[in-house]
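So this one's upload.txt, compact mmCIF, N, CA and C atoms and all ligand atoms:
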# COMPACT_ATOMS: atom_id res chain seq x y z
N MET A 28 12.47 5.87 5.91
CA MET A 28 12.73 4.44 5.84
C MET A 28 12.61 3.99 4.39
N LYS A 29 13.68 3.45 3.86
CA LYS A 29 13.64 2.95 2.49
C LYS A 29 13.90 1.44 2.52
N LEU A 30 13.03 0.71 1.85
CA LEU A 30 13.21 -0.73 1.77
C LEU A 30 13.44 -1.09 0.31
N LEU A 31 14.58 -1.62 0.02
CA LEU A 31 14.85 -2.06 -1.34
C LEU A 31 14.69 -3.58 -1.32
N VAL A 32 13.71 -4.04 -2.03
CA VAL A 32 13.39 -5.46 -1.96
C VAL A 32 13.64 -6.12 -3.30
N ALA A 33 14.45 -7.12 -3.32
CA ALA A 33 14.69 -7.89 -4.53
C ALA A 33 13.38 -8.56 -4.94
N SER A 34 13.07 -8.47 -6.19
CA SER A 34 11.78 -8.98 -6.62
C SER A 34 11.87 -10.41 -7.10
N LEU A 35 10.76 -11.07 -7.09
CA LEU A 35 10.66 -12.43 -7.60
C LEU A 35 9.91 -12.35 -8.91
N LEU A 36 10.53 -12.82 -9.96
CA LEU A 36 9.90 -12.76 -11.26
C LEU A 36 9.00 -13.98 -11.43
N THR A 37 7.69 -13.73 -11.39
CA THR A 37 6.76 -14.85 -11.48
C THR A 37 6.23 -15.00 -12.90
N PHE A 38 6.43 -14.01 -13.74
CA PHE A 38 5.98 -14.10 -15.12
C PHE A 38 7.21 -14.17 -16.02
N ALA A 39 7.20 -15.10 -16.95
CA ALA A 39 8.32 -15.22 -17.87
C ALA A 39 8.34 -14.02 -18.80
N MET A 40 9.39 -13.25 -18.79
CA MET A 40 9.49 -12.08 -19.66
C MET A 40 10.83 -12.13 -20.38
N PRO A 41 10.89 -12.82 -21.52
CA PRO A 41 12.16 -12.96 -22.22
C PRO A 41 12.74 -11.62 -22.61
N MET A 42 14.02 -11.49 -22.53
CA MET A 42 14.78 -10.30 -22.92
C MET A 42 14.62 -9.13 -21.94
N ALA A 43 13.69 -9.21 -21.03
CA ALA A 43 13.49 -8.08 -20.12
C ALA A 43 14.38 -8.21 -18.90
N ALA A 44 14.97 -7.11 -18.49
CA ALA A 44 15.72 -7.13 -17.24
C ALA A 44 14.73 -7.37 -16.11
N GLN A 45 15.17 -7.94 -15.03
CA GLN A 45 14.27 -8.22 -13.93
C GLN A 45 13.72 -6.91 -13.35
N ALA A 46 12.42 -6.85 -13.31
CA ALA A 46 11.78 -5.63 -12.81
C ALA A 46 12.06 -5.49 -11.32
N GLU A 47 12.18 -4.26 -10.89
CA GLU A 47 12.43 -4.01 -9.48
C GLU A 47 11.51 -2.89 -9.00
N ILE A 48 10.92 -3.12 -7.86
CA ILE A 48 10.04 -2.13 -7.26
C ILE A 48 10.67 -1.67 -5.95
N ILE A 49 10.65 -0.36 -5.74
CA ILE A 49 11.10 0.16 -4.46
C ILE A 49 9.87 0.63 -3.69
N VAL A 50 9.70 0.07 -2.51
CA VAL A 50 8.61 0.48 -1.63
C VAL A 50 9.20 1.37 -0.55
N SER A 51 8.81 2.64 -0.52
CA SER A 51 9.35 3.52 0.51
C SER A 51 8.25 4.00 1.46
N ASP A 52 8.69 4.28 2.66
CA ASP A 52 7.82 4.84 3.70
C ASP A 52 6.47 4.16 3.86
N PRO A 53 6.45 2.82 4.00
CA PRO A 53 5.15 2.21 4.30
C PRO A 53 4.73 2.58 5.73
N TRP A 54 3.45 2.80 5.93
CA TRP A 54 2.94 3.07 7.28
C TRP A 54 1.44 2.84 7.31
N ALA A 55 0.94 2.67 8.50
CA ALA A 55 -0.50 2.51 8.68
C ALA A 55 -0.93 3.31 9.88
N ARG A 56 -2.21 3.60 9.94
CA ARG A 56 -2.75 4.31 11.11
C ARG A 56 -3.22 3.30 12.14
N ALA A 57 -2.97 3.61 13.39
CA ALA A 57 -3.51 2.78 14.46
C ALA A 57 -5.03 2.79 14.35
N SER A 58 -5.64 1.64 14.61
CA SER A 58 -7.10 1.58 14.50
C SER A 58 -7.73 1.84 15.86
N VAL A 59 -8.89 2.47 15.81
CA VAL A 59 -9.62 2.77 17.04
C VAL A 59 -10.36 1.50 17.50
N LEU A 60 -10.92 0.79 16.53
CA LEU A 60 -11.65 -0.45 16.79
C LEU A 60 -11.24 -1.47 15.75
N ALA A 61 -11.15 -2.73 16.15
CA ALA A 61 -10.84 -3.79 15.18
C ALA A 61 -11.97 -3.97 14.17
N SER A 62 -13.18 -3.54 14.55
CA SER A 62 -14.32 -3.71 13.65
C SER A 62 -14.32 -2.68 12.52
N ARG A 63 -13.48 -1.65 12.62
CA ARG A 63 -13.38 -0.64 11.58
C ARG A 63 -12.20 -0.99 10.67
N PRO A 64 -12.32 -0.74 9.36
CA PRO A 64 -11.18 -1.02 8.48
C PRO A 64 -9.99 -0.13 8.82
N GLY A 65 -8.79 -0.68 8.63
CA GLY A 65 -7.58 0.11 8.78
C GLY A 65 -7.15 0.66 7.44
N ALA A 66 -6.16 1.54 7.45
CA ALA A 66 -5.65 2.10 6.20
C ALA A 66 -4.13 2.08 6.23
N ALA A 67 -3.55 1.71 5.09
CA ALA A 67 -2.09 1.69 4.96
C ALA A 67 -1.68 2.51 3.74
N TYR A 68 -0.49 3.08 3.84
CA TYR A 68 0.00 3.99 2.82
C TYR A 68 1.46 3.67 2.51
N LEU A 69 1.91 3.99 1.30
CA LEU A 69 3.30 3.78 0.92
C LEU A 69 3.57 4.48 -0.40
N THR A 70 4.84 4.48 -0.78
CA THR A 70 5.23 5.04 -2.07
C THR A 70 5.88 3.93 -2.90
N LEU A 71 5.47 3.83 -4.17
CA LEU A 71 5.99 2.80 -5.07
C LEU A 71 6.78 3.46 -6.19
N THR A 72 7.98 2.97 -6.41
CA THR A 72 8.79 3.46 -7.52
C THR A 72 9.29 2.25 -8.31
N SER A 73 9.16 2.32 -9.63
CA SER A 73 9.59 1.22 -10.47
C SER A 73 10.49 1.73 -11.59
N ASP A 74 11.39 0.87 -12.05
CA ASP A 74 12.23 1.28 -13.18
C ASP A 74 11.63 0.83 -14.50
N GLU A 75 10.48 0.18 -14.43
CA GLU A 75 9.78 -0.11 -15.67
C GLU A 75 8.27 -0.09 -15.42
N LEU A 76 7.52 -0.08 -16.51
CA LEU A 76 6.07 -0.04 -16.39
C LEU A 76 5.59 -1.26 -15.62
N ASP A 77 4.80 -1.02 -14.60
CA ASP A 77 4.34 -2.14 -13.79
C ASP A 77 2.93 -1.82 -13.29
N ARG A 78 2.35 -2.80 -12.63
CA ARG A 78 0.98 -2.62 -12.13
C ARG A 78 0.81 -3.40 -10.84
N LEU A 79 0.32 -2.71 -9.83
CA LEU A 79 0.01 -3.38 -8.56
C LEU A 79 -1.33 -4.09 -8.73
N LEU A 80 -1.31 -5.41 -8.56
CA LEU A 80 -2.50 -6.22 -8.84
C LEU A 80 -3.26 -6.60 -7.58
N GLU A 81 -2.52 -6.91 -6.53
CA GLU A 81 -3.17 -7.50 -5.36
C GLU A 81 -2.34 -7.21 -4.12
N VAL A 82 -3.01 -7.05 -3.00
CA VAL A 82 -2.33 -6.82 -1.72
C VAL A 82 -2.97 -7.72 -0.68
N THR A 83 -2.13 -8.35 0.15
CA THR A 83 -2.66 -9.18 1.22
C THR A 83 -1.88 -8.91 2.50
N SER A 84 -2.49 -9.22 3.64
CA SER A 84 -1.81 -9.10 4.92
C SER A 84 -2.43 -10.08 5.90
N PRO A 85 -1.58 -10.68 6.76
CA PRO A 85 -2.15 -11.61 7.75
C PRO A 85 -3.06 -10.93 8.77
N VAL A 86 -2.99 -9.58 8.90
CA VAL A 86 -3.84 -8.90 9.88
C VAL A 86 -5.22 -8.57 9.33
N ALA A 87 -5.38 -8.72 8.00
CA ALA A 87 -6.65 -8.33 7.36
C ALA A 87 -7.26 -9.49 6.58
N GLY A 88 -8.59 -9.60 6.64
CA GLY A 88 -9.30 -10.61 5.86
C GLY A 88 -9.06 -10.40 4.38
N HIS A 89 -9.15 -9.16 3.95
CA HIS A 89 -8.69 -8.82 2.61
C HIS A 89 -8.30 -7.35 2.57
N VAL A 90 -7.48 -7.01 1.57
CA VAL A 90 -6.98 -5.64 1.43
C VAL A 90 -7.50 -5.09 0.11
N MET A 91 -8.15 -3.92 0.17
CA MET A 91 -8.69 -3.31 -1.04
C MET A 91 -7.87 -2.07 -1.40
N LEU A 92 -7.77 -1.86 -2.70
CA LEU A 92 -7.12 -0.65 -3.20
C LEU A 92 -8.23 0.38 -3.42
N HIS A 93 -8.13 1.50 -2.72
CA HIS A 93 -9.16 2.53 -2.81
C HIS A 93 -8.60 3.83 -3.36
N GLY A 94 -9.39 4.49 -4.16
CA GLY A 94 -9.08 5.85 -4.59
C GLY A 94 -10.13 6.78 -4.03
N ILE A 95 -9.93 8.09 -4.21
CA ILE A 95 -10.91 9.08 -3.75
C ILE A 95 -11.47 9.79 -4.97
N GLU A 96 -12.80 9.86 -5.04
CA GLU A 96 -13.47 10.58 -6.12
C GLU A 96 -14.23 11.74 -5.50
N THR A 97 -14.10 12.92 -6.10
CA THR A 97 -14.84 14.07 -5.60
C THR A 97 -15.87 14.49 -6.64
N ASP A 98 -17.14 14.56 -6.25
CA ASP A 98 -18.19 14.91 -7.22
C ASP A 98 -18.31 16.43 -7.37
N ALA A 99 -19.23 16.87 -8.23
CA ALA A 99 -19.38 18.29 -8.54
C ALA A 99 -19.70 19.11 -7.30
N ALA A 100 -20.38 18.50 -6.34
CA ALA A 100 -20.76 19.21 -5.11
C ALA A 100 -19.60 19.26 -4.11
N GLY A 101 -18.47 18.65 -4.48
CA GLY A 101 -17.31 18.67 -3.59
C GLY A 101 -17.33 17.59 -2.54
N VAL A 102 -18.23 16.63 -2.71
CA VAL A 102 -18.31 15.52 -1.76
C VAL A 102 -17.40 14.38 -2.22
N SER A 103 -16.48 13.98 -1.34
CA SER A 103 -15.54 12.92 -1.69
C SER A 103 -16.04 11.57 -1.20
N ARG A 104 -15.76 10.55 -1.97
CA ARG A 104 -16.08 9.21 -1.51
C ARG A 104 -14.99 8.25 -2.00
N MET A 105 -14.89 7.11 -1.33
CA MET A 105 -13.88 6.12 -1.69
C MET A 105 -14.41 5.25 -2.82
N VAL A 106 -13.56 4.97 -3.78
CA VAL A 106 -13.94 4.06 -4.86
C VAL A 106 -12.91 2.94 -4.95
N HIS A 107 -13.41 1.75 -5.27
CA HIS A 107 -12.54 0.59 -5.41
C HIS A 107 -11.76 0.70 -6.72
N ILE A 108 -10.46 0.43 -6.68
CA ILE A 108 -9.61 0.46 -7.88
C ILE A 108 -9.15 -0.98 -8.13
N GLU A 109 -9.23 -1.41 -9.37
CA GLU A 109 -8.85 -2.79 -9.72
C GLU A 109 -7.34 -3.02 -9.65
N GLY A 110 -6.59 -2.03 -10.09
CA GLY A 110 -5.12 -2.15 -10.10
C GLY A 110 -4.53 -0.77 -10.16
N LEU A 111 -3.26 -0.66 -9.86
CA LEU A 111 -2.62 0.64 -9.81
C LEU A 111 -1.42 0.63 -10.74
N ASP A 112 -1.48 1.46 -11.78
CA ASP A 112 -0.38 1.52 -12.75
C ASP A 112 0.78 2.35 -12.20
N ILE A 113 1.98 1.86 -12.46
CA ILE A 113 3.19 2.57 -12.03
C ILE A 113 4.04 2.82 -13.27
N SER A 114 4.30 4.09 -13.56
CA SER A 114 5.13 4.45 -14.71
C SER A 114 6.58 4.50 -14.28
N PRO A 115 7.51 4.14 -15.19
CA PRO A 115 8.93 4.16 -14.84
C PRO A 115 9.37 5.54 -14.35
N GLY A 116 10.02 5.57 -13.22
CA GLY A 116 10.60 6.81 -12.70
C GLY A 116 9.62 7.78 -12.09
N THR A 117 8.32 7.46 -12.09
CA THR A 117 7.33 8.35 -11.48
C THR A 117 6.76 7.68 -10.23
N PRO A 118 7.21 8.11 -9.05
CA PRO A 118 6.72 7.46 -7.83
C PRO A 118 5.22 7.65 -7.67
N VAL A 119 4.55 6.60 -7.20
CA VAL A 119 3.12 6.66 -6.89
C VAL A 119 3.01 6.63 -5.37
N THR A 120 2.44 7.70 -4.81
CA THR A 120 2.32 7.79 -3.36
C THR A 120 0.87 7.60 -2.92
N LEU A 121 0.67 6.63 -2.05
CA LEU A 121 -0.63 6.45 -1.42
C LEU A 121 -0.58 7.24 -0.11
N ALA A 122 -1.55 8.11 0.13
CA ALA A 122 -1.50 9.01 1.28
C ALA A 122 -2.91 9.33 1.74
N PRO A 123 -3.08 9.77 3.00
CA PRO A 123 -4.41 10.15 3.49
C PRO A 123 -5.04 11.20 2.57
N GLY A 124 -6.32 11.05 2.25
CA GLY A 124 -7.02 11.97 1.36
C GLY A 124 -6.84 11.62 -0.10
N SER A 125 -6.04 10.58 -0.35
CA SER A 125 -5.79 10.15 -1.72
C SER A 125 -5.93 8.62 -1.77
N SER A 126 -5.30 8.00 -2.75
CA SER A 126 -5.39 6.54 -2.83
C SER A 126 -4.78 5.91 -1.58
N HIS A 127 -5.34 4.77 -1.20
CA HIS A 127 -4.85 4.08 0.01
C HIS A 127 -5.19 2.60 -0.06
N LEU A 128 -4.58 1.86 0.83
CA LEU A 128 -4.90 0.44 0.96
C LEU A 128 -5.83 0.30 2.14
N MET A 129 -7.02 -0.25 1.90
CA MET A 129 -8.00 -0.42 2.95
C MET A 129 -7.85 -1.83 3.52
N LEU A 130 -7.59 -1.91 4.80
CA LEU A 130 -7.42 -3.21 5.46
C LEU A 130 -8.77 -3.64 6.03
N MET A 131 -9.44 -4.53 5.29
CA MET A 131 -10.79 -4.94 5.67
C MET A 131 -10.73 -6.15 6.61
N ASP A 132 -11.74 -6.28 7.46
CA ASP A 132 -11.86 -7.43 8.36
C ASP A 132 -10.58 -7.66 9.15
N LEU A 133 -10.16 -6.65 9.88
CA LEU A 133 -8.96 -6.78 10.71
C LEU A 133 -9.16 -7.89 11.73
N SER A 134 -8.10 -8.69 11.93
CA SER A 134 -8.20 -9.77 12.91
C SER A 134 -8.04 -9.22 14.33
N ARG A 135 -7.44 -8.02 14.40
CA ARG A 135 -7.25 -7.39 15.72
C ARG A 135 -6.99 -5.90 15.49
N LYS A 136 -6.99 -5.13 16.57
CA LYS A 136 -6.66 -3.71 16.48
C LYS A 136 -5.20 -3.52 16.08
N LEU A 137 -4.93 -2.52 15.27
CA LEU A 137 -3.54 -2.16 14.96
C LEU A 137 -3.09 -1.16 16.02
N GLU A 138 -2.07 -1.57 16.79
CA GLU A 138 -1.62 -0.73 17.90
C GLU A 138 -0.43 0.12 17.48
N GLU A 139 -0.43 1.37 17.89
CA GLU A 139 0.68 2.27 17.60
C GLU A 139 1.98 1.66 18.11
N GLY A 140 3.03 1.69 17.29
CA GLY A 140 4.34 1.18 17.69
C GLY A 140 4.64 -0.21 17.20
N GLU A 141 3.60 -0.96 16.81
CA GLU A 141 3.85 -2.30 16.28
C GLU A 141 4.03 -2.21 14.76
N SER A 142 4.24 -3.35 14.13
CA SER A 142 4.27 -3.37 12.67
C SER A 142 3.71 -4.70 12.19
N PHE A 143 3.33 -4.74 10.92
CA PHE A 143 2.76 -5.98 10.37
C PHE A 143 3.23 -6.14 8.93
N PRO A 144 3.28 -7.38 8.44
CA PRO A 144 3.70 -7.60 7.06
C PRO A 144 2.57 -7.33 6.06
N LEU A 145 2.96 -6.80 4.91
CA LEU A 145 2.02 -6.53 3.83
C LEU A 145 2.66 -7.08 2.56
N THR A 146 1.93 -7.92 1.84
CA THR A 146 2.47 -8.52 0.62
C THR A 146 1.82 -7.89 -0.60
N LEU A 147 2.65 -7.40 -1.50
CA LEU A 147 2.17 -6.73 -2.71
C LEU A 147 2.52 -7.60 -3.91
N VAL A 148 1.56 -7.74 -4.81
CA VAL A 148 1.79 -8.53 -6.02
C VAL A 148 1.75 -7.60 -7.24
N PHE A 149 2.88 -7.58 -7.96
CA PHE A 149 3.00 -6.73 -9.14
C PHE A 149 3.02 -7.58 -10.40
N GLU A 150 2.51 -7.02 -11.48
CA GLU A 150 2.46 -7.73 -12.75
C GLU A 150 3.86 -8.12 -13.22
N ALA A 151 4.80 -7.19 -13.17
CA ALA A 151 6.15 -7.47 -13.68
C ALA A 151 7.11 -7.88 -12.56
N ALA A 152 7.08 -7.19 -11.45
CA ALA A 152 8.08 -7.42 -10.40
C ALA A 152 7.73 -8.62 -9.51
N GLY A 153 6.51 -9.14 -9.64
CA GLY A 153 6.12 -10.29 -8.84
C GLY A 153 5.70 -9.89 -7.44
N LYS A 154 5.95 -10.78 -6.49
CA LYS A 154 5.45 -10.63 -5.13
C LYS A 154 6.54 -10.12 -4.21
N LEU A 155 6.24 -9.14 -3.39
CA LEU A 155 7.20 -8.75 -2.36
C LEU A 155 6.47 -8.36 -1.09
N THR A 156 7.14 -8.56 0.03
CA THR A 156 6.53 -8.30 1.33
C THR A 156 7.31 -7.22 2.06
N VAL A 157 6.60 -6.25 2.61
CA VAL A 157 7.25 -5.20 3.39
C VAL A 157 6.65 -5.19 4.79
N GLU A 158 7.40 -4.64 5.73
CA GLU A 158 6.95 -4.52 7.11
C GLU A 158 6.40 -3.10 7.27
N VAL A 159 5.16 -3.00 7.74
CA VAL A 159 4.49 -1.70 7.81
C VAL A 159 4.38 -1.24 9.27
N PRO A 160 5.08 -0.17 9.65
CA PRO A 160 4.95 0.33 11.02
C PRO A 160 3.60 1.02 11.24
N VAL A 161 3.06 0.86 12.43
CA VAL A 161 1.78 1.49 12.77
C VAL A 161 2.05 2.78 13.54
N LEU A 162 1.57 3.88 12.99
CA LEU A 162 1.73 5.19 13.63
C LEU A 162 0.45 5.54 14.39
N GLY A 163 0.43 6.70 15.00
CA GLY A 163 -0.71 7.12 15.81
C GLY A 163 -1.99 7.25 14.99
N PRO A 164 -3.17 7.25 15.66
CA PRO A 164 -4.45 7.31 14.93
C PRO A 164 -4.64 8.58 14.13
N GLY A 165 -3.96 9.66 14.48
CA GLY A 165 -4.11 10.92 13.73
C GLY A 165 -2.93 11.23 12.84
N ALA A 166 -2.01 10.29 12.69
CA ALA A 166 -0.79 10.54 11.92
C ALA A 166 -1.12 10.83 10.46
N MET A 167 -0.34 11.70 9.85
CA MET A 167 -0.53 12.01 8.43
C MET A 167 0.60 11.44 7.58
N GLY A 168 1.63 10.88 8.20
CA GLY A 168 2.72 10.29 7.44
C GLY A 168 3.93 10.06 8.30
N PRO A 169 4.86 9.24 7.83
CA PRO A 169 6.03 8.90 8.66
C PRO A 169 6.97 10.07 8.89
N THR A 170 7.06 10.99 7.91
CA THR A 170 8.00 12.11 8.08
C THR A 170 7.50 13.07 9.14
N GLU A 171 6.16 13.20 9.23
CA GLU A 171 5.58 14.12 10.19
C GLU A 171 5.83 13.66 11.63
N GLU A 172 6.00 12.36 11.79
CA GLU A 172 6.22 11.80 13.12
C GLU A 172 7.60 12.12 13.67
N ARG A 173 8.53 12.39 12.74
CA ARG A 173 9.89 12.65 13.21
C ARG A 173 9.98 14.04 13.82
N PRO A 174 10.76 14.19 14.88
CA PRO A 174 10.85 15.48 15.53
C PRO A 174 11.56 16.53 14.66
CU CU B 201 -10.83 3.19 1.66
Using structure tokens, write down the structure that the file contains.
Amino acid sequence: MKLLVASLLTFAMPMAAQAEIIVSDPWARASVLASRPGAAYLTLTSDELDRLLEVTSPVAGHVMLHGIETDAAGVSRMVHIEGLDISPGTPVTLAPGSSHLMLMDLSRKLEEGESFPLTLVFEAAGKLTVEVPVLGPGAMGPTEERP
């Protein structure tokens, strides 16, 4: 699933072509309990240097950008990331076991088969909203779901 979304330029950037972000394969895992945070994943591609600043969704009280840090003993833990840099032509993929969007304070359970809107705010490309399909609780990605 590829979504090409026209961007809204919220920052005045004289002489610069309008930045464009491509969000591909957004997906989330079905939640077991609404009291547990959900996780959403996607791939971001930009034609110019950009930075993901903020993410919001009506299904979550707030959305955090998380990375994974592994210490010397091999123990991994989630760390909060302030923003996510995107280099031109180098896709950034958020995936299980790596960086992800943590959906905190879910208003309800995310059910397999439904979808929800997710709004991403970029420094250059501005704000765009994508529809995120919810896959099974053990899903590892949208391609794996296809037969
Ligand atoms: Cu997390």
Near-ligand residues for ligand CU 201 (chain B), threshold 6 Å, all atoms listed in the file, as a ChimeraX atom specification: /A:93,105,127-129
From region 132-169 of chain A, collect each residue whose DSSP state is strand (DSSP E) and return the set as JSON, numbers by chain. {"A": [132, 133, 142, 143, 144, 145, 146, 147, 148, 149, 153, 154, 155, 156, 157, 158, 159, 160, 161, 162]}
Just the number, please: distance in Å from atom C of Val59 (chain A) to atom N of Lys136 (chain A), one decimal. 7.5 Å
With all atoms listed in the file counted, which protein, DNA or RNA residues have an atom no more than 6.5 Å from (-1.7, 3.9, 16.0) in the file frame? Please answer as a count of residues only. 13
Find the residues near region 71-81 of chain A: any atom within 7 Å, counting only C-alpha atoms, skip ones fewer than 5 places away on the same chain, and give them as a compact mmCIF listing (two decimals) with N, CA and C atoms, keeping the file's coordinate frame.
# COMPACT_ATOMS: atom_id res chain seq x y z
N ALA A 46 12.42 -6.85 -13.31
CA ALA A 46 11.78 -5.63 -12.81
C ALA A 46 12.06 -5.49 -11.32
N GLU A 47 12.18 -4.26 -10.89
CA GLU A 47 12.43 -4.01 -9.48
C GLU A 47 11.51 -2.89 -9.00
N ILE A 48 10.92 -3.12 -7.86
CA ILE A 48 10.04 -2.13 -7.26
C ILE A 48 10.67 -1.67 -5.95
N ILE A 49 10.65 -0.36 -5.74
CA ILE A 49 11.10 0.16 -4.46
C ILE A 49 9.87 0.63 -3.69
N VAL A 50 9.70 0.07 -2.51
CA VAL A 50 8.61 0.48 -1.63
C VAL A 50 9.20 1.37 -0.55
N SER A 51 8.81 2.64 -0.52
CA SER A 51 9.35 3.52 0.51
C SER A 51 8.25 4.00 1.46
N GLY A 110 -6.59 -2.03 -10.09
CA GLY A 110 -5.12 -2.15 -10.10
C GLY A 110 -4.53 -0.77 -10.16
N LEU A 111 -3.26 -0.66 -9.86
CA LEU A 111 -2.62 0.64 -9.81
C LEU A 111 -1.42 0.63 -10.74
N ASP A 112 -1.48 1.46 -11.78
CA ASP A 112 -0.38 1.52 -12.75
C ASP A 112 0.78 2.35 -12.20
N ILE A 113 1.98 1.86 -12.46
CA ILE A 113 3.19 2.57 -12.03
C ILE A 113 4.04 2.82 -13.27
N SER A 114 4.30 4.09 -13.56
CA SER A 114 5.13 4.45 -14.71
C SER A 114 6.58 4.50 -14.28
N PRO A 115 7.51 4.14 -15.19
CA PRO A 115 8.93 4.16 -14.84
C PRO A 115 9.37 5.54 -14.35
N GLY A 116 10.02 5.57 -13.22
CA GLY A 116 10.60 6.81 -12.70
C GLY A 116 9.62 7.78 -12.09
N THR A 117 8.32 7.46 -12.09
CA THR A 117 7.33 8.35 -11.48
C THR A 117 6.76 7.68 -10.23
N PRO A 118 7.21 8.11 -9.05
CA PRO A 118 6.72 7.46 -7.83
C PRO A 118 5.22 7.65 -7.67
N VAL A 119 4.55 6.60 -7.20
CA VAL A 119 3.12 6.66 -6.89
C VAL A 119 3.01 6.63 -5.37
N THR A 120 2.44 7.70 -4.81
CA THR A 120 2.32 7.79 -3.36
C THR A 120 0.87 7.60 -2.92
N LEU A 147 2.65 -7.40 -1.50
CA LEU A 147 2.17 -6.73 -2.71
C LEU A 147 2.52 -7.60 -3.91
N VAL A 148 1.56 -7.74 -4.81
CA VAL A 148 1.79 -8.53 -6.02
C VAL A 148 1.75 -7.60 -7.24
N PHE A 149 2.88 -7.58 -7.96
CA PHE A 149 3.00 -6.73 -9.14
C PHE A 149 3.02 -7.58 -10.40
N GLU A 150 2.51 -7.02 -11.48
CA GLU A 150 2.46 -7.73 -12.75
C GLU A 150 3.86 -8.12 -13.22
N ALA A 151 4.80 -7.19 -13.17
CA ALA A 151 6.15 -7.47 -13.68
C ALA A 151 7.11 -7.88 -12.56
Polymer residues at most 6.5 Å from Pro85 (chain A), all atoms listed in the file, same-chain spacing of 5 or more positions, as a ChimeraX atom specification: /A:134,144-145
For a test of reading the model, state the distance in Å between CA of Val86 (chain A) and CA of Phe143 (chain A), rounded to one decimal.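 Spanning CA of Val86 (chain A) to CA of Phe143 (chain A) is a straight-line distance of 7.2 Å.
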Region 101-119 of chain A: axis-aligned bounding box, 5 Å on each side, centre and edge lengths in Å, one decimal, as lines of an AutoDock Vina configuration file:
center_x = -3.9
center_y = 7.8
center_z = -8.2
size_x = 39.1
size_y = 31.7
size_z = 24.0
Atomic distance atom N of Gly94 (chain A) - atom N of Glu141 (chain A), expressed in Å with one decimal: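 Separating atom N of Gly94 (chain A) from atom N of Glu141 (chain A) is a distance of 25.3 Å.
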Name the residues of chain A that come out as alpha helix (DSSP H) in a backbone DSSP run; write them as a VMD selection string. chain A and resid 169 to 172
Which residue is closest to Ser62 (chain A)? Choose from A:Leu121, A:Leu155, A:Asp132, A:Thr146 and count only N, CA and C atoms.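 That would be A:Asp132, the residue with the smallest distance to Ser62 (chain A).
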Pick from A:Pro64, A:Thr170, A:Leu130, A:Ala100 nearest to Ser84 (chain A), counting only N, CA and C atoms: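 Nearest candidate to Ser84 (chain A) out of A:Pro64, A:Thr170, A:Leu130, A:Ala100: A:Leu130.
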